Amino acid sequence: MLVSSNWLQELIDISSYTPEELAEIITKTGIEVESVTPVAEGVSGVVVGHVQSCVQHPNADKLSLCQVDVGEETLQIVCGAPNIAEGQQVAVAKPGAVLPGNFKIKKTKLRGEESNGMICSLQELGVNEKDVPKEFADGIFVFPENVKAGADALSLLNLDDKVIELGLTPNRSDALSMAGVAYEVAAAIDGEYELQEEDVPYSNEAAGDFISVEVEDKQANPYYGAFIIKDIKIGASPLWMRNRLTAAGIRPINNVVDITNYVLLEYGQPLHAFDYDRFNSDRIVTRRARDGEMITTLDNQKRELKDHHLVITNGDEAHAIAGVMGGAKSEVQEDTKTLILEAAYFEPSVVRQASKDHGLRSESSNRFEKGVDPNRVERAGKRACELLAKYASGTVLKGAVSVDELDRSENKVSIETSVINDRLGTSITNEEIADILRRLQFSYEQHGENFDVNIPTRRGDIELFEDMLEEVARIFGYDNLPYTLPQGSSQAGGLTLEQQLKRKVKSYFEGAGLHETITYSLTPKERSQMLVSPEIKRQAKSPVALAMPMSEDHSHLRLSMLPELLQSLSYNVARKQKDLSYYEVGTVFVSNEEQVTRQPNEILRASGALTGTWISHPWQQEKKEVDFYVVKGIVEGLSAQLDLSFTYEKTKIPHMHPGRTALVKSGDKEIGFIGQVHPKLQKELGLKDTYVFDLNAEELFAQYTKEEAFQAIPRYPSVSRDIALVVDEQITSAAITDTISEAGAPLVKDVRVFDVYQGEHLPDGKKSLAFNLLYLDPHRTLKDEEVEEAHDKILTAVKDQHDAELRG
Amino acid sequence: MKERLEELKQEALEKVSKSENVQSLKDVRVEYLGKKGPITEVLRGMGKLSKEERPVIGQLANEVRESIAAAIDTKQTRLEDQELEKQLESESIDVTLPGRPVRVGGPHLLTSIVEEIEDLFIGMGFEIKEGPEVETDYFNFEALNLPKGHPARDMQDSFYITEELLLRTHTSPVQARTMGQKNGNEPVKMICPGKVYRRDTDDATHSHQFTQLEGLLVDKHVRMSDLKGVLNAFAKQMFGAERDIRLRPSFFPFTEPSVEMDISCKVCEGRGCSVCKGTGWIEILGAGMVHPNVLEMAGYDPKEYSGFAFGMGPERIAMLKYGVDDIRNFYTNDIRFLEQYHKA
Ligand SMILES: [Zn+2]
């Protein structure tokens, strides 16, 4: 809502505040002011001029040479506007004047003729293009009524105004009118305002002789009033009215349209004027539209209606979509003589649906949708009649013809001072409450500390005690509320075990050299199905899709964070950032339904993606690219952090390198995978070798047990032995490790690979694996023979199970 | 003989002190303390002495021996230390060469902000609650006083999956769910951070996915002044002790009264500047007293229980605190952006 401060001053005395001060007060007591904008900032030196003569410029076809009376003198001005003519009263920027954009007017010569100033268009004076009346769109502005030569044109054109823009929340639709704003300001500054009574000069003829009204759906349309105004003369509306419309961002058109718009701004009640003769009937019937019924609206669009739309008809065909837009057929035109003026109440939800269906949001629908004041509907009609009589020479026929089942009763809300104080933490007195109600202009009955408050119908948002609590609080002032801390039951706040573990995992990753990222949950369909961990893939029937995505890029919920992580890597590499190590802890969305009907299972996962150089320390000849074992090391470190033991099995996953991908298990549960991204995908993304991991964090947390007991440090020495075995190249180190641990139990406590060799001195298809074994008995010192015996058992076992030979 | 021993001692000590290396010290040791040395000689001649003199001279000879040996040992340690020092000196390295780099990562700026706020409210006795990102229409809207057809649903155009399921548009459903678990007779004191989604086209100030952090306290006799006190404590810790707060009226369907909280502008100290659009204040969060309909739907009697709730956007807070000027920065994961805020 755009509020002209000059107009507001006419309604309520705000002269002791600057618009900026007033804005601050309004913001603190009720409605946020978004901006205070001068209509024409820094414009000066513009006066009214009377064009005394206007002849063609001797040296230029398109220019005119004018003698203009500006009060104290007559100036010769060269003007290029096509609509300039002798006898006009115009706005003249005299030499020394300043126009918007700090444009200074100087004496000059144009094609050999002296020009002492400029005759201005509205645009040149800073009026928005869209608010300029059509007749002045391509030329200078001409005053529609007599104004004195030399008078201040800026104030006549309201260009000295400042516009206060209110950011209205949906509950405060009462401030969608100047009257509503004036009531609000009156409460805020403790001023005085009341909406003036209308004064309509009715003729003796009765409107009922010209029109009848029938309403079929009284729920959707509880009040419909029709006024008849004869003898209309279409013309320009008065300058003051045009100025106010312009300040509110509405383009002046003609007196009839301007008056309905003016009353809409003044009362907050949308009105509609039909051309009586073009309406072509003496009966108005409002009803639900028929499915498929057609109407051509004022914007010349043919629109198909549905049976939930409400229409205004002449008993036969639709002439308006109720509350949204009128029909083209009965539009008011230059030759209109008689008007039907509609003042009606339409059910908010009916208008909302229609405006949504037709994509038509207007000043009118916006107000109906939020609910207009039932006590102002008919009054607004009267106000328009009053103005039509005055400014369009209309004759208003007696009595509005109406169907009226509108509930105009006031809400009653009871408040108790002690409860108010209990809720606010204040000690407001009964007298203060009474004073606040007086400022709000809410009538009430008081019994001690109980107030039965009558809520004026303009404040339809107030229904409950809490609504009144807010009214009292905001007028009392939030600044006056004390600072207290909650007194109630105390609890120890804190993190749950899972929340602690999540933080622990994150800080582990960060310590291990990974950067945390946050990527989008919504991805393109294709990506939502990529790089999905096998155990997730088995549960997920299909990725969860949005019903109406905004774009293909964000249409499906992710089943893996890796595709978006790879996109992030790709984004960076394209910007010459090549060494990257990213992780994300977030949820993936797993639905086990083909067609989703239930909430998907949201599973917390920890994923990472690494590419480029891992360590670069050139002067000591150390440089390491990210490889499988860098990523595996990070994952192993994680298992150590959580005191879990992971196992790794070679596997194949689409879009992953077929020879460098492993399934990760914790206990006997699959928890995810690690490996290299398939070189084809790497190439598509512009990535060098890139390694990823994707783990089920939720499962890891579930397996985590907080180890409370202290493990004694061994008191007896351990014995270390190395063995090098020659085996088939397909045999994994994990298989041999398992055999060693099994055969060496219980003395073998640890088995580590320390060398892998393949090549010279070994037969083709064979490799050598060297292990370091640690023997320990926690209760005594081991004897050599015992170690020998265990060692022999191990050698036999690896020979039997893997055909492993001791390397000579 | 006594004189001879004293003389030998003086002679030996002088040689020790003159020795410049371990070898010459060894020579001194052999010369004076060896089996053919002069002290042994003296002791061999003791037979000529009287019974009374013999132990006296014997003792003296031992003392001389020991003091010479001690002097040699001391000197030897010193010489060895000097030699080691010299050798180590020759092993000098260039301490200004760069060290072997250690890879260090770090948290995302939003995580840092969220965890900072979490810790702050944990300190005030709040719990952290989480909930699903795919919500039911009931918990996202209806339980929060936003029945179907409510105009305020326009304010948060949403990503629906089915008619009944959508990506949550705020974290408030976590509050509704938590309250619902309390059977209407237990207090709630929680904050809920998380991802939320709205139908916005991504630009410098909009993101279809963003973060929200909301708080809720429900108990008997919760006052609006408690909300003001808690928010004030939060603002002072988060933005600095010298910041003031103000509440001004606003509207949210799930609170009544509803307010927005501003903090005084840090840039201009409240005088008005371009950052605060001349007002001296910067909007930080929305809050209010829990709407009685919301309490009722969760099973509380609004006459007996009251509560307050507040909600804020960590992105906005990060943008204000660290001058991030484009919300997309939080989601493009440019390494140069991520690394800048690891100390945040
Ligand atoms: Zn500022």
# chains A, B, ... in the order shown; residues from 1 in each chain; ligands from 1
call {"tool": "interface_residues", "arguments": {"of": "chain A", "to": "chain B", "cutoff": "7 Å", "atoms": "only C-alpha atoms", "output": "number ranges by chain"}}
result
A: 27-31, 169-171, 422-425, 466-467, 469-470, 474, 478-479, 481-486, 488, 491-495, 510-520, 545-547, 568, 572, 599, 602, 617
call {"tool": "residues_around", "arguments": {"residues": "B:Glu31", "least_positions_apart": "5", "cutoff": "12 Å", "atoms": "only C-alpha atoms", "output": "NGL selection string"}}
result
:B and (8 or 11-12 or 15-16 or 24-26 or 36-41 or 65 or 68-69)
call {"tool": "write_last_selection", "arguments": {"atoms": "C-alpha atoms", "output": "PDB file, in the first residue's frame"}}
result
ATOM      1  CA  LEU B   8     102.858 -34.737  41.444  1.00  0.00           C
ATOM      2  CA  GLU B  11     101.946 -31.229  37.923  1.00  0.00           C
ATOM      3  CA  ALA B  12      99.100 -33.528  36.853  1.00  0.00           C
ATOM      4  CA  LYS B  15      98.566 -30.980  32.469  1.00  0.00           C
ATOM      5  CA  VAL B  16      94.846 -31.765  32.677  1.00  0.00           C
ATOM      6  CA  SER B  24      96.109 -35.765  25.391  1.00  0.00           C
ATOM      7  CA  LEU B  25      93.845 -36.295  28.370  1.00  0.00           C
ATOM      8  CA  LYS B  26      94.214 -40.027  27.940  1.00  0.00           C
ATOM      9  CA  LYS B  36     104.065 -47.485  35.874  1.00  0.00           C
ATOM     10  CA  GLY B  37     103.145 -44.011  36.897  1.00  0.00           C
ATOM     11  CA  PRO B  38     104.915 -41.876  39.579  1.00  0.00           C
ATOM     12  CA  ILE B  39     102.181 -42.324  42.192  1.00  0.00           C
ATOM     13  CA  THR B  40     102.494 -46.093  42.014  1.00  0.00           C
ATOM     14  CA  GLU B  41     106.220 -45.512  42.323  1.00  0.00           C
ATOM     15  CA  ARG B  65      94.994 -40.195  42.825  1.00  0.00           C
ATOM     16  CA  ILE B  68      93.596 -36.279  39.554  1.00  0.00           C
ATOM     17  CA  ALA B  69      91.085 -38.836  38.267  1.00  0.00           C
TER      18      ALA B  69
END
call {"tool": "residues_near_ligand", "arguments": {"ligand": "ligand 1", "cutoff": "9 Å", "atoms": "only C-alpha atoms and all ligand atoms", "output": "ChimeraX atom specification"}}
result
/B:264-282
call {"tool": "residues_around", "arguments": {"residues": "A:Ser393", "least_positions_apart": "5", "cutoff": "10 Å", "atoms": "only C-alpha atoms", "output": "list in words"}}
result
Ile229, Lys230, Asp231, Ile232, Lys233, Ile234, Gly235, Leu387 and Leu388 of chain A
call {"tool": "atom_distance", "arguments": {"atom1": "atom CA of A:Tyr345", "atom2": "atom CA of A:Thr246"}}
result
26.6 Å
call {"tool": "select_by_dssp", "arguments": {"residues": "stretch 108-201 of chain B", "states": "strand (DSSP E)", "output": "ChimeraX atom specification"}}
result
/B:127-128,134-136,165-167,188-197
call {"tool": "closest_residue", "arguments": {"among": "B:Gln340, B:Gln10, B:Ser19, B:Gln59", "to": "B:Leu79", "atoms": "only C-alpha atoms"}}
result
B:Ser19
call {"tool": "residues_around", "arguments": {"residues": "stretch 439-453 of chain A", "least_positions_apart": "6", "cutoff": "7 Å", "atoms": "only C-alpha atoms", "output": "ChimeraX atom specification"}}
result
/A:186-187,190,412-417,430
call {"tool": "write_last_selection", "arguments": {"atoms": "N, CA and C atoms", "output": "PDB file, in the first residue's frame"}}
result
ATOM      1  N   ALA A 186      -3.907   7.192  13.882  1.00  0.00           N
ATOM      2  CA  ALA A 186      -4.538   7.854  15.029  1.00  0.00           C
ATOM      3  C   ALA A 186      -4.214   7.106  16.317  1.00  0.00           C
ATOM      4  N   ALA A 187      -4.271   5.766  16.262  1.00  0.00           N
ATOM      5  CA  ALA A 187      -3.939   4.974  17.454  1.00  0.00           C
ATOM      6  C   ALA A 187      -2.469   5.123  17.802  1.00  0.00           C
ATOM      7  N   ASP A 190      -1.870   8.825  18.927  1.00  0.00           N
ATOM      8  CA  ASP A 190      -2.941   9.340  19.770  1.00  0.00           C
ATOM      9  C   ASP A 190      -3.579  10.569  19.122  1.00  0.00           C
ATOM     10  N   LYS A 412     -16.964  -9.698  19.635  1.00  0.00           N
ATOM     11  CA  LYS A 412     -16.728  -9.267  21.019  1.00  0.00           C
ATOM     12  C   LYS A 412     -15.598 -10.113  21.597  1.00  0.00           C
ATOM     13  N   VAL A 413     -14.663  -9.446  22.214  1.00  0.00           N
ATOM     14  CA  VAL A 413     -13.551 -10.158  22.839  1.00  0.00           C
ATOM     15  C   VAL A 413     -13.388  -9.639  24.264  1.00  0.00           C
ATOM     16  N   SER A 414     -13.318 -10.571  25.201  1.00  0.00           N
ATOM     17  CA  SER A 414     -13.157 -10.158  26.599  1.00  0.00           C
ATOM     18  C   SER A 414     -11.699 -10.271  27.008  1.00  0.00           C
ATOM     19  N   ILE A 415     -11.237  -9.255  27.698  1.00  0.00           N
ATOM     20  CA  ILE A 415      -9.858  -9.315  28.205  1.00  0.00           C
ATOM     21  C   ILE A 415      -9.837  -8.988  29.686  1.00  0.00           C
ATOM     22  N   GLU A 416      -8.839  -9.512  30.345  1.00  0.00           N
ATOM     23  CA  GLU A 416      -8.681  -9.312  31.776  1.00  0.00           C
ATOM     24  C   GLU A 416      -7.288  -8.741  32.004  1.00  0.00           C
ATOM     25  N   THR A 417      -7.206  -7.684  32.735  1.00  0.00           N
ATOM     26  CA  THR A 417      -5.911  -7.019  32.917  1.00  0.00           C
ATOM     27  C   THR A 417      -4.868  -7.975  33.487  1.00  0.00           C
ATOM     28  N   ASN A 430      -5.533  -0.949  34.773  1.00  0.00           N
ATOM     29  CA  ASN A 430      -6.842  -0.886  34.101  1.00  0.00           C
ATOM     30  C   ASN A 430      -6.973   0.415  33.310  1.00  0.00           C
TER      31      ASN A 430
END
call {"tool": "atom_distance", "arguments": {"atom1": "atom CA of A:Ala734", "atom2": "atom CA of A:Ile615"}}
result
27.1 Å
